[in-house]
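Engineer: First the structure, then my questions, so here it is.
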Amino acid sequence: MPIRMEQGKYVLQYFFLIWLPLTLLTVIVTSALMHNQRQMARGTAAIEQQAQVESAQSLLSSRLSRIQADALYLAGQLALMQSDEQATSTFETFQRYHPQYYQIRLLDLNGHEHIRVELTDGQPLALPSTRLQDKSQRYYVQLGLQQPVGSVYLSPFDLNMENGEIERPFQPTIRVATPIADADGQTRGLLVINYRGQYLLDALASLDKPNKAALWLVNANGYWLKASDPAITWGFMLPERSSANLSQQHVSLWSQMIREDNDGSAVSDDAMYRFVSVDFDPRNDIPLSQSLGKLYIVSELANKQLLGTSQNAGRIFWQAAALVILLFAMLSLLLARAIAQRRATEQSMASNEEMFRAMIEAAPDAIIITDTDGNITLANEQTTVMFDYAEQELVGQKVEVLIPTNLAERHVQHRSGYMMEPKSRPMGLGLSLYARRKDGSHLPVEISLSSIQTADSKLVFCAIRDATERRTTERKIRQLNESLAQQNNELQAVNSELEAFSYSVSHDLRAPLRAIDGFSKILQSSLEGKLDAQETDYFNRIRKAAQNMSRLIDDLLMLARVTRAEVKLASLDLSRTAAAIAERLQESQPERRIDVQIEPNIRVQADPALLGVALDNLLGNAFKFTGNTAEPRIEIGRIDDPEGDVVFVRDNGVGFDMSYADKLFTPFQRLHSASAFPGTGIGLASIARVMNKLGGSIWAESSEGHGATFYMRFKRARSEQ
C-alpha cells in the first residue's frame, strides 16, 4: 500500500506538470477564436444588414416607380376617350387586375369627383353620382392640379380618412395624382389613385429579419410607417402615439440619419443600424407635410440577438475546448502514469522478485522451473520435501535427475519435442506418470507444464503433485464399478428367472384352474335336480374361487409386465386412446347408459402400451364404481400445472374415504367389499407403477358418495419446458 500511494503521488505531480500548461494554452486559443468569431459575426451581420437595406430600397423604388407608371398609363388612356362610360369601363378593368389601387377617381378642374370606382368585396364598383364628393379642399387635389401634364404627384404615406375621420381598420394609403390633358394639351381634369400602402408594407415585411434584424420604414419627420412593434407606427396621425418618434426615442441614430455625410451605419449600446434614404421629391418645391418626400429605410440588429448567435458559437467553441482539455487530461494522465510506472519499476523489481519467490514457496505442489535445455533454475521447498533433495543439489542439474532411470532417455526426446511446440498441459490428463526420489524410489505423480516467455529467454514452469492418494481412490472406484457390474449381471439373471416364473404361472397354474372350473361346471350340470340349495352354493363357490384365482394371476402378470416393460416415450393422443377404451367398455355393458365426456386433443409424453394399461384400469374402475349410480357420468380432461401435463379422470360413483388414500396404490388393498365391487386390488397398483415408469405421478381426491377424481401428471417434453 505505501508503494502504491507513493506511485499515485508521483502520477499526480507529473499529471499537473503536463496538463496545466496544455489547459492554459487551450483557454488562450479558445478565447482568441471567440474574439475573432465575434468580430466575424459583427462583420457578417453588417453585410447582411446592408443587403437587407439595399433590397428594401430597390423594392421601394421599383414599387413607387410602378405606381407612377400606372398613373401615367391611365392618364394617357383617358386623354383618348370621349365618354364617361369608356372611362368607367377602363377604371373597372384596370382595377380588377390591380387590386392594390382601391380607389380610382376622375375629378374636374374644380375638384369635384366626376367618376369614382372603388374595390368593394374584391370587385370594382362605380359609385352613382349621388355619392360623388367635392374634393376641392384636399391638399393632394390642389397640388395635383398644379402639376404640369405628364408629371405625377405622390402624397405623403399616411392613413386614409373618410368624412374627416381616420378609416378603421387602418388603411395605409399613398395618393397618386396626375393631370389629364385634352386634344390641345390643356388640362381638363385630374386623375387620383389611392394606392393601398399595405401591399408595400407587406413586401417590405418579406425582407424582415433575414438575420434577426428588424426592418423599419420612417418618414422625413422621424415617424415610423413600419416598425417591429406596430403600436409605435403612424404617430403623426394618432395623438396617443405622438411621442413614438425616432428623433425622440433614438436621438443619436436620428442625428446621424439626417446628416448629409453619413455612411449609412450607426452603432449604439443596444444595437447595430444600417440605413438609407430615398427622396421622392428632390425639387423641394412642395411642403414636406404634403408630399411623399424623403423616406428612410432602417435595419436594426439588437446586440442581444447578435450576442445570441455568438453565444451559440461560443458554446460550441467552449464545448470543443472542454473536449480538448479532457483529451489532454487523458493523455497527460497516460504520460504521467507511464513516467511514474517507469520510476516505480526499479523500486518494485526487488519486491516483485521476493513476492514471486514467496508465491512459489507457498504453493502446495512441488514447483520446478527449467530452461530450454532442461536445466533446473529454481525449485521450491515442497520439491525438496517430496524428492529429499536440497535446493542447491537440484539447481543446475538436468530435470532427468527426477525421472525414473528407465524413462530418462525417452524423456529427453519428449522434452525436446515440447520445446519445439510448447503449450500448457494441465494436471489429471489420465497419464500414469512416476518420479524418482533421491534414494531411487518411485512415486506416482501428476505434472502440469506451462511455457514462460521472459525478456531474455523461454522457461518451462513445472508443477508436480503427489498422486498416491488419487491413484488409490481410482483403484477403489474401479473395484466398486466391477462390483456394480457383477450385481447388475446377477439382477439380470434374477429378472430372467422372474420372467420364467411368470411364464410358468401363466401356463402351469391356469390349466389346473380351468380344469377345476370346467369339471365343477360339468359335475354341477350332471347333478342338476339332485343337489339341494347348499350343495349348489358349494359348487358355485368352487367355480367363483377358480375364476377369481385366474383373474388374480392375470393381474399379477400384468403388474410384472409393467414393472419389466421397456419405455419408449412419444407424443400420444390420450383423448383418442381413452375414447377407444370407453367405447369397448360400453359395448361390454350395453344395458347401461353412461355419459362419457372426453376433452379432445389431449397430448402427453408416454409409452403407448403403458398408457393403454393405465387408462384401461382407470376407466374400468370408473365404469365399475358408477354401477349403482342413477345417472353415471365420467369426465376426462386436463388442467394447467407448471410441473407437467396433468390429466384427470372424474366419475360420480361411490367414491371412497380419503383417510385411506395412502393405501389406494398398494397391491391387494381394497377400500370396498368384493361382494359389492369385484376385483383383485391390483389395478391401481399397476397404474402407479405405469406412472412411475413414465416419470410421472398419480394421486386421487374423493369423498364417500360423491365420486372420485384421479390425477395423472406426465412429464412435459423438453422443447415445451
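To be explicit about the labels: the chains of the C-alpha cells are called A, B, and onward in the order shown, and within each one the residues are counted from 1, while ligands get numbers from 1 in the order they are shown.
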Give me, as a list in words, all polymer residues having an atom no more than 6 Å from A:Gly653, counting only C-alpha atoms and skipping those fewer than 4 positions away in the same chain.

Structural biologist: Phe625, Thr626 and Gly707 of chain A

Engineer: Taking N, CA and C atoms for each residue, export the selection above as a PDB file, in the first residue's frame.

Structural biologist:
ATOM      1  N   PHE A 625     -67.387 -48.539 -10.482  1.00  0.00           N
ATOM      2  CA  PHE A 625     -67.854 -47.873  -9.262  1.00  0.00           C
ATOM      3  C   PHE A 625     -68.992 -46.903  -9.505  1.00  0.00           C
ATOM      4  N   THR A 626     -69.457 -46.747 -10.760  1.00  0.00           N
ATOM      5  CA  THR A 626     -70.688 -45.994 -11.032  1.00  0.00           C
ATOM      6  C   THR A 626     -71.839 -46.949 -11.320  1.00  0.00           C
ATOM      7  N   GLY A 707     -68.361 -39.549  -5.707  1.00  0.00           N
ATOM      8  CA  GLY A 707     -67.450 -39.833  -6.802  1.00  0.00           C
ATOM      9  C   GLY A 707     -65.985 -39.628  -6.425  1.00  0.00           C
TER      10      GLY A 707
END

Engineer: With only C-alpha atoms as the counted atoms, please give the residues lying no more than 9 Å from A:Leu402, apart from itself and same-chain residues fewer than 6 positions off, as a JSON list (two decimals) with N, CA and C atoms, in the first residue's frame.

Structural biologist:
[["chain", "number", "residue", "atom", "x", "y", "z"],
["A", 387, "PHE", "N", 11.19, -34.87, -2.89],
["A", 387, "PHE", "CA", 12.23, -35.69, -3.51],
["A", 387, "PHE", "C", 13.48, -35.89, -2.64],
["A", 408, "ALA", "N", 14.47, -42.01, -18.43],
["A", 408, "ALA", "CA", 15.20, -40.75, -18.55],
["A", 408, "ALA", "C", 15.56, -40.45, -19.99],
["A", 435, "ALA", "N", 7.85, -40.33, -10.71],
["A", 435, "ALA", "CA", 9.07, -39.56, -10.49],
["A", 435, "ALA", "C", 10.00, -40.36, -9.57],
["A", 436, "ARG", "N", 11.28, -39.95, -9.55],
["A", 436, "ARG", "CA", 12.27, -40.68, -8.76],
["A", 436, "ARG", "C", 12.81, -39.77, -7.65],
["A", 437, "ARG", "N", 12.77, -40.33, -6.44],
["A", 437, "ARG", "CA", 13.34, -39.61, -5.31],
["A", 437, "ARG", "C", 14.87, -39.76, -5.31],
["A", 438, "LYS", "N", 15.49, -39.06, -4.35],
["A", 438, "LYS", "CA", 16.96, -39.11, -4.24],
["A", 438, "LYS", "C", 17.44, -40.52, -3.93]]

Engineer: Near stretch 217-219 of chain A, counting only C-alpha atoms, which residues have an atom at most 9 Å away, once you skip same-chain residues fewer than 6 positions from it, shown as a CSV table (one decimal) with C-alpha atoms, in the first residue's frame?

Structural biologist:
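Printed below is around.csv as written:
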chain,number,residue,atom,x,y,z
A,156,PRO,CA,-47.4,61.5,-48.0
A,157,PHE,CA,-47.7,57.9,-46.9
A,201,LEU,CA,-45.5,47.3,-46.2
A,204,LEU,CA,-41.0,45.1,-47.0
A,225,LEU,CA,-44.5,53.8,-41.0
A,226,LYS,CA,-43.3,50.3,-40.4
A,227,ALA,CA,-41.7,49.0,-37.2
A,246,LEU,CA,-37.3,58.3,-33.9
A,292,LEU,CA,-44.2,61.7,-50.1
A,293,GLY,CA,-40.8,63.4,-49.9
A,294,LYS,CA,-37.9,61.5,-48.2
A,295,LEU,CA,-38.3,58.1,-46.6
A,296,TYR,CA,-35.8,56.3,-44.5
A,297,ILE,CA,-35.2,52.5,-44.5
A,298,VAL,CA,-33.5,51.3,-41.3

Engineer: Can you tell me which residues surround stretch 118-129 of chain A at a distance of at most 10 Å, considering only C-alpha atoms, apart from same-chain residues fewer than 6 positions away, and format the answer as a PyMOL selection string?

Structural biologist: chain A and resi 88-89+91-97+99-105+194

Engineer: Any chance you could export the current selection's C-alpha atoms as a PDB file, in the first residue's frame?

Structural biologist:
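And here is the file that came out, selection-v3.pdb:
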ATOM      1  CA  THR A  88     -65.545  54.000 -66.167  1.00  0.00           C
ATOM      2  CA  SER A  89     -65.030  50.717 -68.028  1.00  0.00           C
ATOM      3  CA  PHE A  91     -61.105  52.073 -64.494  1.00  0.00           C
ATOM      4  CA  GLU A  92     -63.005  48.885 -63.660  1.00  0.00           C
ATOM      5  CA  THR A  93     -60.872  46.729 -65.959  1.00  0.00           C
ATOM      6  CA  PHE A  94     -57.650  48.217 -64.633  1.00  0.00           C
ATOM      7  CA  GLN A  95     -58.727  47.857 -61.002  1.00  0.00           C
ATOM      8  CA  ARG A  96     -59.788  44.253 -61.480  1.00  0.00           C
ATOM      9  CA  TYR A  97     -56.209  43.334 -62.353  1.00  0.00           C
ATOM     10  CA  PRO A  99     -56.274  45.353 -56.566  1.00  0.00           C
ATOM     11  CA  GLN A 100     -53.537  47.410 -54.887  1.00  0.00           C
ATOM     12  CA  TYR A 101     -55.419  50.515 -56.163  1.00  0.00           C
ATOM     13  CA  TYR A 102     -58.572  50.517 -54.102  1.00  0.00           C
ATOM     14  CA  GLN A 103     -59.901  53.864 -55.427  1.00  0.00           C
ATOM     15  CA  ILE A 104     -59.596  55.424 -58.896  1.00  0.00           C
ATOM     16  CA  ARG A 105     -61.178  58.824 -59.407  1.00  0.00           C
ATOM     17  CA  ASN A 194     -55.473  55.638 -53.878  1.00  0.00           C
TER      18      ASN A 194
END

Engineer: Just the alpha helix (DSSP H) stuff from stretch 602-638 of chain A, please, per backbone DSSP, written as number ranges by chain.

Structural biologist: A: 608-625

Engineer: To one decimal in Å, tell me the separation between atom CA of A:Arg63 and atom CA of A:Ala203.

Structural biologist: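 Taking atom CA of A:Arg63 as the start and atom CA of A:Ala203 as the end point, the length is 9.5 Å.
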
Engineer: In terms of the shortest atom-to-atom distance over only C-alpha atoms, which of A:Leu190, A:Ala75, A:Ala338, A:Ala51 is closest to A:Asn110?

Structural biologist: A:Leu190

Engineer: Please, what distance in Å, to one decimal, runs between atom CA of A:His442 and atom CA of A:Asn375?

Structural biologist: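 Separation of atom CA of A:His442 and atom CA of A:Asn375: 21.2 Å.
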
Engineer: Just the residues within 9 Å of A:Asp365, please, counting only C-alpha atoms, with nothing from its chain fewer than 5 positions along; format it as a VMD selection string.

Structural biologist: chain A and resid 380 382 to 383 463 to 466
